[in-house]
Structure formats: structure tokens, C-alpha cells
Amino acid sequence: MHLEYTPEQDAFRAEVRAWMEAHVPKEPLVTLECREGYDQHVEWERTLASGNWGMVTWPEAYGGRGLDLIQWLIFEEEYFRAGGPNRANQNGIFLLGPTIMEFGTEEQKKRFLTPMAKGEVIWAQAWSEPGAGSDMAAISSKAVRDGDHYVITGQKTWSSRAAFADWGFGMFRTDPESKRHKGLTFILFDINSPGITRRPIRQLHGDTGFAELFFDEVRVPVENCLAGEGEGWNVAMATAGFERGLMLRSPGRFQATAKRLVDLYRKHEAEASPAAREAVLQAWMSAQAYAYNTYAVAAKIMAGGKIGAEASLNKIFWSELDRSMHRTAMQLLGAHAELKRFDDGSVNQWLEGYIFSLSGPIYAGSNEVQRNITAERMLGLPRVGAG
Amino acid sequence: MDMLLTEDQLALAETVRDYLAGTHGPEVLRRLDADGNRDPAIWQGLVDMGLTGLLVPEAQGGLGMGLVDAALIAAECGRACLAEPLVDTAFVGVPWLLAQGKTDQLADVVAGRVTLPLAHAINPWVADGEGATLKSVDPMRNLAASANDNADPHLLNLGALMSAAQLVGLADAMLHLAVEYAKIRTQFGQPIGAFQAIKHQLATCAVAIEFAKPVIWQAAQALQDGRPSAAVHVSHAKVAATDAAMLTAETAIQVHGAMGYTYEVDLHVWMKRSCALSGAWGTRAFHLKRVDDAVLGGTLAIGPEHTFA
């Protein structure tokens, strides 16, 4: 264990910091969950790409910088230090990208990764169906082979980014006789294809970040299938591992929130309860613990190790931390907490963040499912009722 | 920058784990509880493994290792609920003596002829020391009354760090006991571990333990490196480890049901050690106050760019 950055790592940090200070928008962007905010965030993706910061860990051949995971963590720390916006393309760069890197053909890598890193194609996920949420193996949307195409019929729902995104990915049942985890295929599709109807879903906060997707005999070329036909479940499990594990939520995000919470506490110290004070300290401690753990996981992966069921522990930890930090902020704000804008006209980011944090323990596999996975795969408790 | 625990470090900890699993199992704990809680043969075994000399420089006959290595082994001592005063003597006392340049006792410590009772103002007792006997909830702890005014902060940090390391080992052991019990105890026609009400409680303990450990290893390295912020990191480690251990103690007893409230199930031994070490070398409140002074008091740089401040 060695807790000093090298001069090269310090120099890289300085480079990221200078670029972020020069480019991160001074005013927070409008929420990603509406047309105006989505467009602002896509523009930001392209600004990032202009500095070649789209996805720093990817090979240069696919629009990245070929950096290691420690450099990625430094990048993320500086990104959140500067108040960088949420990533419009997170479903692409953090989830699908690493999956294509692992399972894609060379042709697929060339075709999909570079436009993803450059923010030219924004991706939505299409995991859930009305009858297949936590129980993803209950998927029933069909993809029927017809020559060199699949013909897709069915419905996806609660698809993040699908209200506005360009492309989507999900699992479809290619073997009509199959049950549960078998006979599923991982397919990438253009959401603007003929036969796809998107119906934006109004979320808790009133905006429309996710959507239902209806597929009516949608023709998708066979070369859009990732790994082999019937391999969908394995591919999806890898994607879900990326989602819950290292990439989706880097520690910088939570350390930045913890720091803002400390500042907020100082403003409200006179009327704050001892419990709120302890919650603020707990926020800092937990965000730091998450950072140490992520550095340790990164070191393990760099030494040739893999991330397994502990991805579920990660997901439980960061999602519940995020909710608890925002809950504390709402308590500190007291009667101001409900205001969408403060007296000075600024947006109440804590309120937006609190509402968003309520989705954390649900998306990327509900925390109930994560606790089952932890109990069964890590602790070895018996499985019951799962097929 | 590298948070990796090396293969060598993990292998040494595993060796100690296997040794203690083989020589210091529940039947030994029951024997120690019933007839005298120290056993020269167990102590000699630890000496023979070189553990009393783990932090003693090679020039003085030791292994010359560091606080991260010691913390990993302290966690194993917690897992085994070790009764002998190895952690106090070898992982707290030795580095404290070394920090003061006192080397005259080290050869005797390495050879196992001397243990180092550590009196400090933070504790109203001294473990394995001289004085009027105090009775601990933990039958394996030998406490003597102490009104020592030694307030040395380095000794306190070493004691708190190694308590934290033992606490996560204790938590690991209690989680394991609860999991094994939940696999075999059958009610309503199935093992109780198949019920989500049980699974989710145990998974929550696993989360707390998983995220306490790197805080401890990081604090050990900070203290080893003499970073000015080391005291804050030690306090963070003590709070996180205390919370993980007490959550796991309470959950493990709950999962054992009525059996959890019996003396017959060995779980209480780990629970009692957890209670003892939670209060030893600074309570949760004491350590939270030190974190408070640093984070809200503004003496520590915070934010995403200060992960290792």
C-alpha cells in the first residue's frame, strides 16, 4: 500500500483541473430529465469530447486516452470538484461501452465505441418490461429471426434516457420456447427505427427522464446482436456488474456532495440538531470509505483481479449514502427545503438531488435484489424461489 | 498511489487465520472461559510464529513489518477472539516503544518473555497489568484498575487503530456464525437463511464490514507514514469498525433466535469482546469528536480532490 500520488499522477490532475476550470459551465445545467436540459447535457458531452475527455480509460483507437483506473479516479475527482454535470451518456459509456469492449466484435467496437465516447450517439437502457422489473428473467419481448434481421415485438419500460436518446440496448427473447434466463439475446437498436414508439413517463418530480418503448415488428440487423444468440443473460449480467460495480458512481460524486453538506451545515449550525451534525460527519466518513474502497478495487483490477458479488455491496452502499446525505440536507434546510428556488433565485439542488436519490436504491437492480445477491452469492445462504 | 494489499500481506494473514482456526477454536475458548483464561502453550505458539516480533526491526531480531501488516493480523486475532495479549504487546506496545527510541525490552518481547501492559489516561483500566482486579463483561479480559495520567496521543492512536482492526475481525466471525446457523436451523419447513428477512439483515452487516475495512487499512498506512492527519483517519476507523461490529453482534444474536441468548452458543464470546473493544481506547463519541474537529472544525481538507488528505 502506497498512499502518495506519483509526479505524473499529480501532473495529470493539474491538467484535468485546468481544463475543467476553463470549460465546466458556471451555472448548473437544467435537469437532464427534460428536453432543454437533455440538449444542454448532450452539448456538454460534445464539449468534453472536444478535449478528448469522453471516456479516458478506453483505448485511443476507440476515442479514449488509454489511461489506467487510478487516472480515471483522479479524472472523476477533478470532474466533481469542478461541479461537472451529470453524464447524459452514462448508459453508453459506463454500462454498454465496457460490455462491448468485453463481448463485441472488432467491427462492433469500431462502429459503436468512438461515437459513444464523442457524445455523437446517446444511449438509453431498455432493461425492464412491465412484467420484468426486479425479475429480469421474466422478459417476454420477442425478437424473431427473419433472414439477416430480427423482428422485434413487445414493450420495454422505465428505460432511462429513452425519452430523448438515439440508441438503446436490451434483452429480447429469441427462442420462443425458452424460459427464464435461457433463449435471451442482447440487442442494440436505433430508437428512431420504424415501428418503435416512445412514450415518455412522467417521473416523481414531474419531468420525463425515462420512457416506455413499444416495438411493433421492428427490423434490426443481426449484426446488432452482442455476443451470440441466446447469450443475452451472460452479457446482461456483465453489464449489470459494471453498473453496480466500479464505474457508474465514482466516489468523487459523493465526496463533492458531502463537502457541500458540510458547507450547508455551517450555514444552518445555529438551528441544527446534534443528530444532523452527526449525520453530516457520517456523510463525510461514508463518502471517504467509498473512495478508499474504490481505490482498493481499482488496484485489485489493475493487478489482474475481478469484481464479483461485491458489486452488489457497492450499489447498496452508494445509493443509501446518497439518499441519506440529501435527507440530511433537507432537514437542515427546514422550511426552505420545499422551495424549488431559493430567495436569491438559485435552483434548490438539494431538493432535486433528494428526489433523484430516491431512485438510487431502485435502479440498477433494487437494493432488495442486491441484498439477496449478497446473501446468496457472497454469504452462501440458500436460494429459494429463483428459477 | 496504490491501495492494494499485497499477495504477501494477504498470505501472512491467511497463515495466521489458519493457525488460529486450528489451535484457538470454540472448544479452546470454552476451556479458557472455564479454567483460567491464559495458556502459556498458546502464547508460545504465537511467539514461535514470530508474531511478537512482527513490528520489531530485523536488527533487533524481529520481522520488521509495518502497521498495515499488523492491522491485518490484529483482525485475525479478533476473528479468533484471541485471549492472549498479543495485539496490545506486539502491535500497540512495540511501535509505541520504537517511536520513543526505547529498544531495551524488544529482545524479551520477541522471545515472548515480556508482555507490555499499556496504561493510558483514556482507559480507566490497564489490560493484563498490575492493580486491583476489575471484572470485564468479557471473561477473557484481565483488567486492573488504573489511574494513569499518560495521555500520549501516539499510544492512543495505536491502541484505537488495533482495536478497530480486531473489531472488523470479530464482526467477520459473528457474521460467519450467523450465516452458518441460518443455513442449518429449519423452521416453517426451510432453513431460516432462505427467508429474505434473515438474508437482508445479514447482507446489511456484510456492507458495513466491507466498507469499514479499507478505512482501517488506510488509517494504518497513514499512521505508519506519520501523516499529520493520521489521528483523524484512526478515529474514522474506530467509529466505522465499532458500528460494523456492534451491528453484526446484535444482528447475529437476533438471527440465532432464543439460542442467541444462551451461553451454550459461542457467539456471546465475540459479542462481549466487541462491547469491550468498542469502548476501549476512546469511545465512539470520543473518536467522532476528533472527526468533527477535523471536518467541521476545518483542519482537514475535504472534497473529492482530497481523498488522501
# chains A, B, ... in the order shown; residues from 1 in each chain; ligands from 1

$ residues_around --residues "Gln203 in chain A" --least-positions-apart "3" --cutoff "10 Å" --atoms "only C-alpha atoms" --output "list of chain:residue names"
A:Glu33, A:Trp158, A:Pro200, A:Gly206, A:Asp207, A:Thr208, A:Gly209, A:Phe210, A:Ala211, A:Ile355, A:Phe356

$ residues_around --residues "range 119-125 of chain B" --least-positions-apart "6" --cutoff "10 Å" --atoms "only C-alpha atoms" --output "PyMOL selection string"
chain B and resi 131-134+142-153+155-156+159+279-283+286

$ interface_residues --of "chain B" --to "chain A" --cutoff "6 Å" --atoms "only C-alpha atoms" --output "list in words"
Met1, Asp2, Met3, Leu4, Gly193, Ala194, Lys199, His200, Ala203, Val207, Phe211, Pro214, Val215, Gly303, Pro304 and Glu305 of chain B

$ residues_around --residues "Gly64 in chain B" --least-positions-apart "5" --cutoff "9 Å" --atoms "only C-alpha atoms" --output "list of chain:residue names"
B:Gly53, B:Leu54, B:Leu55, B:Val56, B:Pro57, B:Glu58, B:Ala59

$ residues_around --residues "Cys77 in chain B" --least-positions-apart "2" --cutoff "10 Å" --atoms "only C-alpha atoms" --output "PyMOL selection string"
chain B and resi 13+16-17+20+24+71-75+79-87+165-167+169-170

$ select_by_dssp --residues "range 7-131 of chain A" --states "strand (DSSP E)" --output "ChimeraX atom specification"
/A:123-126

$ atom_distance --atom1 "CA of Ser50 in chain A" --atom2 "CA of Ala14 in chain A"
18.2 Å

$ decode --residues "range 42-84 of chain B" --atoms "N, CA and C atoms" --output "mmCIF file, in the first residue's frame"
data_model
loop_
_atom_site.group_PDB
_atom_site.id
_atom_site.type_symbol
_atom_site.label_atom_id
_atom_site.label_comp_id
_atom_site.auth_asym_id
_atom_site.auth_seq_id
_atom_site.Cartn_x
_atom_site.Cartn_y
_atom_site.Cartn_z
ATOM 1 N N ILE B 42 -0.462 -21.556 24.284
ATOM 2 C CA ILE B 42 -0.996 -20.729 23.184
ATOM 3 C C ILE B 42 -0.053 -19.562 22.927
ATOM 4 N N TRP B 43 0.370 -18.916 24.012
ATOM 5 C CA TRP B 43 1.299 -17.775 23.875
ATOM 6 C C TRP B 43 2.573 -18.204 23.151
ATOM 7 N N GLN B 44 3.108 -19.371 23.558
ATOM 8 C CA GLN B 44 4.353 -19.845 22.945
ATOM 9 C C GLN B 44 4.158 -20.095 21.445
ATOM 10 N N GLY B 45 2.993 -20.579 21.079
ATOM 11 C CA GLY B 45 2.705 -20.806 19.659
ATOM 12 C C GLY B 45 2.780 -19.517 18.861
ATOM 13 N N LEU B 46 2.253 -18.446 19.439
ATOM 14 C CA LEU B 46 2.277 -17.139 18.763
ATOM 15 C C LEU B 46 3.712 -16.625 18.664
ATOM 16 N N VAL B 47 4.478 -16.854 19.741
ATOM 17 C CA VAL B 47 5.891 -16.451 19.747
ATOM 18 C C VAL B 47 6.656 -17.227 18.668
ATOM 19 N N ASP B 48 6.374 -18.515 18.596
ATOM 20 C CA ASP B 48 7.084 -19.360 17.623
ATOM 21 C C ASP B 48 6.783 -18.949 16.183
ATOM 22 N N MET B 49 5.591 -18.401 15.946
ATOM 23 C CA MET B 49 5.266 -17.915 14.602
ATOM 24 C C MET B 49 5.961 -16.598 14.286
ATOM 25 N N GLY B 50 6.584 -16.002 15.301
ATOM 26 C CA GLY B 50 7.288 -14.734 15.088
ATOM 27 C C GLY B 50 6.402 -13.516 15.269
ATOM 28 N N LEU B 51 5.148 -13.736 15.737
ATOM 29 C CA LEU B 51 4.196 -12.617 15.779
ATOM 30 C C LEU B 51 4.545 -11.569 16.827
ATOM 31 N N THR B 52 5.200 -11.977 17.932
ATOM 32 C CA THR B 52 5.586 -10.975 18.941
ATOM 33 C C THR B 52 6.648 -10.029 18.377
ATOM 34 N N GLY B 53 7.375 -10.497 17.352
ATOM 35 C CA GLY B 53 8.415 -9.655 16.753
ATOM 36 C C GLY B 53 8.001 -9.041 15.429
ATOM 37 N N LEU B 54 6.701 -9.099 15.093
ATOM 38 C CA LEU B 54 6.250 -8.655 13.770
ATOM 39 C C LEU B 54 6.718 -7.236 13.445
ATOM 40 N N LEU B 55 6.606 -6.325 14.436
ATOM 41 C CA LEU B 55 6.939 -4.916 14.175
ATOM 42 C C LEU B 55 8.324 -4.541 14.688
ATOM 43 N N VAL B 56 9.006 -5.514 15.308
ATOM 44 C CA VAL B 56 10.369 -5.245 15.789
ATOM 45 C C VAL B 56 11.320 -5.262 14.590
ATOM 46 N N PRO B 57 12.189 -4.249 14.502
ATOM 47 C CA PRO B 57 13.120 -4.217 13.359
ATOM 48 C C PRO B 57 13.958 -5.499 13.284
ATOM 49 N N GLU B 58 14.345 -5.847 12.055
ATOM 50 C CA GLU B 58 15.122 -7.078 11.860
ATOM 51 C C GLU B 58 16.422 -7.037 12.657
ATOM 52 N N ALA B 59 17.008 -5.833 12.795
ATOM 53 C CA ALA B 59 18.261 -5.694 13.550
ATOM 54 C C ALA B 59 18.097 -6.127 15.003
ATOM 55 N N GLN B 60 16.854 -6.012 15.515
ATOM 56 C CA GLN B 60 16.608 -6.427 16.904
ATOM 57 C C GLN B 60 15.936 -7.798 16.971
ATOM 58 N N GLY B 61 16.027 -8.551 15.896
ATOM 59 C CA GLY B 61 15.531 -9.918 15.922
ATOM 60 C C GLY B 61 14.079 -10.090 15.532
ATOM 61 N N GLY B 62 13.468 -9.031 15.010
ATOM 62 C CA GLY B 62 12.063 -9.126 14.620
ATOM 63 C C GLY B 62 11.900 -9.291 13.118
ATOM 64 N N LEU B 63 10.647 -9.125 12.649
ATOM 65 C CA LEU B 63 10.344 -9.278 11.227
ATOM 66 C C LEU B 63 10.309 -7.939 10.495
ATOM 67 N N GLY B 64 10.332 -6.836 11.241
ATOM 68 C CA GLY B 64 10.443 -5.508 10.628
ATOM 69 C C GLY B 64 9.282 -5.127 9.739
ATOM 70 N N MET B 65 8.095 -5.602 10.064
ATOM 71 C CA MET B 65 6.947 -5.265 9.215
ATOM 72 C C MET B 65 6.264 -3.985 9.694
ATOM 73 N N GLY B 66 5.182 -3.602 8.993
ATOM 74 C CA GLY B 66 4.546 -2.306 9.263
ATOM 75 C C GLY B 66 3.144 -2.440 9.837
ATOM 76 N N LEU B 67 2.539 -1.298 10.079
ATOM 77 C CA LEU B 67 1.248 -1.272 10.770
ATOM 78 C C LEU B 67 0.115 -1.866 9.941
ATOM 79 N N VAL B 68 0.229 -1.819 8.610
ATOM 80 C CA VAL B 68 -0.817 -2.451 7.794
ATOM 81 C C VAL B 68 -0.772 -3.969 7.995
ATOM 82 N N ASP B 69 0.440 -4.523 7.980
ATOM 83 C CA ASP B 69 0.583 -5.965 8.246
ATOM 84 C C ASP B 69 0.011 -6.301 9.620
ATOM 85 N N ALA B 70 0.351 -5.462 10.601
ATOM 86 C CA ALA B 70 -0.101 -5.720 11.969
ATOM 87 C C ALA B 70 -1.622 -5.616 12.069
ATOM 88 N N ALA B 71 -2.203 -4.624 11.371
ATOM 89 C CA ALA B 71 -3.663 -4.459 11.427
ATOM 90 C C ALA B 71 -4.359 -5.680 10.828
ATOM 91 N N LEU B 72 -3.797 -6.197 9.726
ATOM 92 C CA LEU B 72 -4.385 -7.389 9.101
ATOM 93 C C LEU B 72 -4.354 -8.572 10.069
ATOM 94 N N ILE B 73 -3.258 -8.695 10.824
ATOM 95 C CA ILE B 73 -3.156 -9.819 11.758
ATOM 96 C C ILE B 73 -3.996 -9.564 13.005
ATOM 97 N N ALA B 74 -4.104 -8.291 13.420
ATOM 98 C CA ALA B 74 -4.996 -7.961 14.544
ATOM 99 C C ALA B 74 -6.431 -8.359 14.205
ATOM 100 N N ALA B 75 -6.811 -8.156 12.934
ATOM 101 C CA ALA B 75 -8.160 -8.567 12.519
ATOM 102 C C ALA B 75 -8.324 -10.079 12.675
ATOM 103 N N GLU B 76 -7.260 -10.830 12.367
ATOM 104 C CA GLU B 76 -7.322 -12.290 12.540
ATOM 105 C C GLU B 76 -7.428 -12.661 14.021
ATOM 106 N N CYS B 77 -6.742 -11.892 14.869
ATOM 107 C CA CYS B 77 -6.848 -12.137 16.313
ATOM 108 C C CYS B 77 -8.283 -11.890 16.778
ATOM 109 N N GLY B 78 -8.925 -10.871 16.196
ATOM 110 C CA GLY B 78 -10.328 -10.617 16.515
ATOM 111 C C GLY B 78 -11.203 -11.763 16.042
ATOM 112 N N ARG B 79 -10.947 -12.218 14.817
ATOM 113 C CA ARG B 79 -11.743 -13.315 14.261
ATOM 114 C C ARG B 79 -11.679 -14.543 15.181
ATOM 115 N N ALA B 80 -10.498 -14.811 15.739
ATOM 116 C CA ALA B 80 -10.333 -15.980 16.613
ATOM 117 C C ALA B 80 -10.701 -15.662 18.060
ATOM 118 N N CYS B 81 -11.032 -14.411 18.339
ATOM 119 C CA CYS B 81 -11.300 -13.951 19.704
ATOM 120 C C CYS B 81 -10.136 -14.346 20.621
ATOM 121 N N LEU B 82 -8.933 -14.094 20.139
ATOM 122 C CA LEU B 82 -7.721 -14.484 20.853
ATOM 123 C C LEU B 82 -7.696 -13.878 22.257
ATOM 124 N N ALA B 83 -7.364 -14.704 23.231
ATOM 125 C CA ALA B 83 -7.339 -14.232 24.619
ATOM 126 C C ALA B 83 -5.979 -13.646 25.005
ATOM 127 N N GLU B 84 -4.908 -14.194 24.472
ATOM 128 C CA GLU B 84 -3.556 -13.754 24.854
ATOM 129 C C GLU B 84 -3.318 -12.301 24.417
#
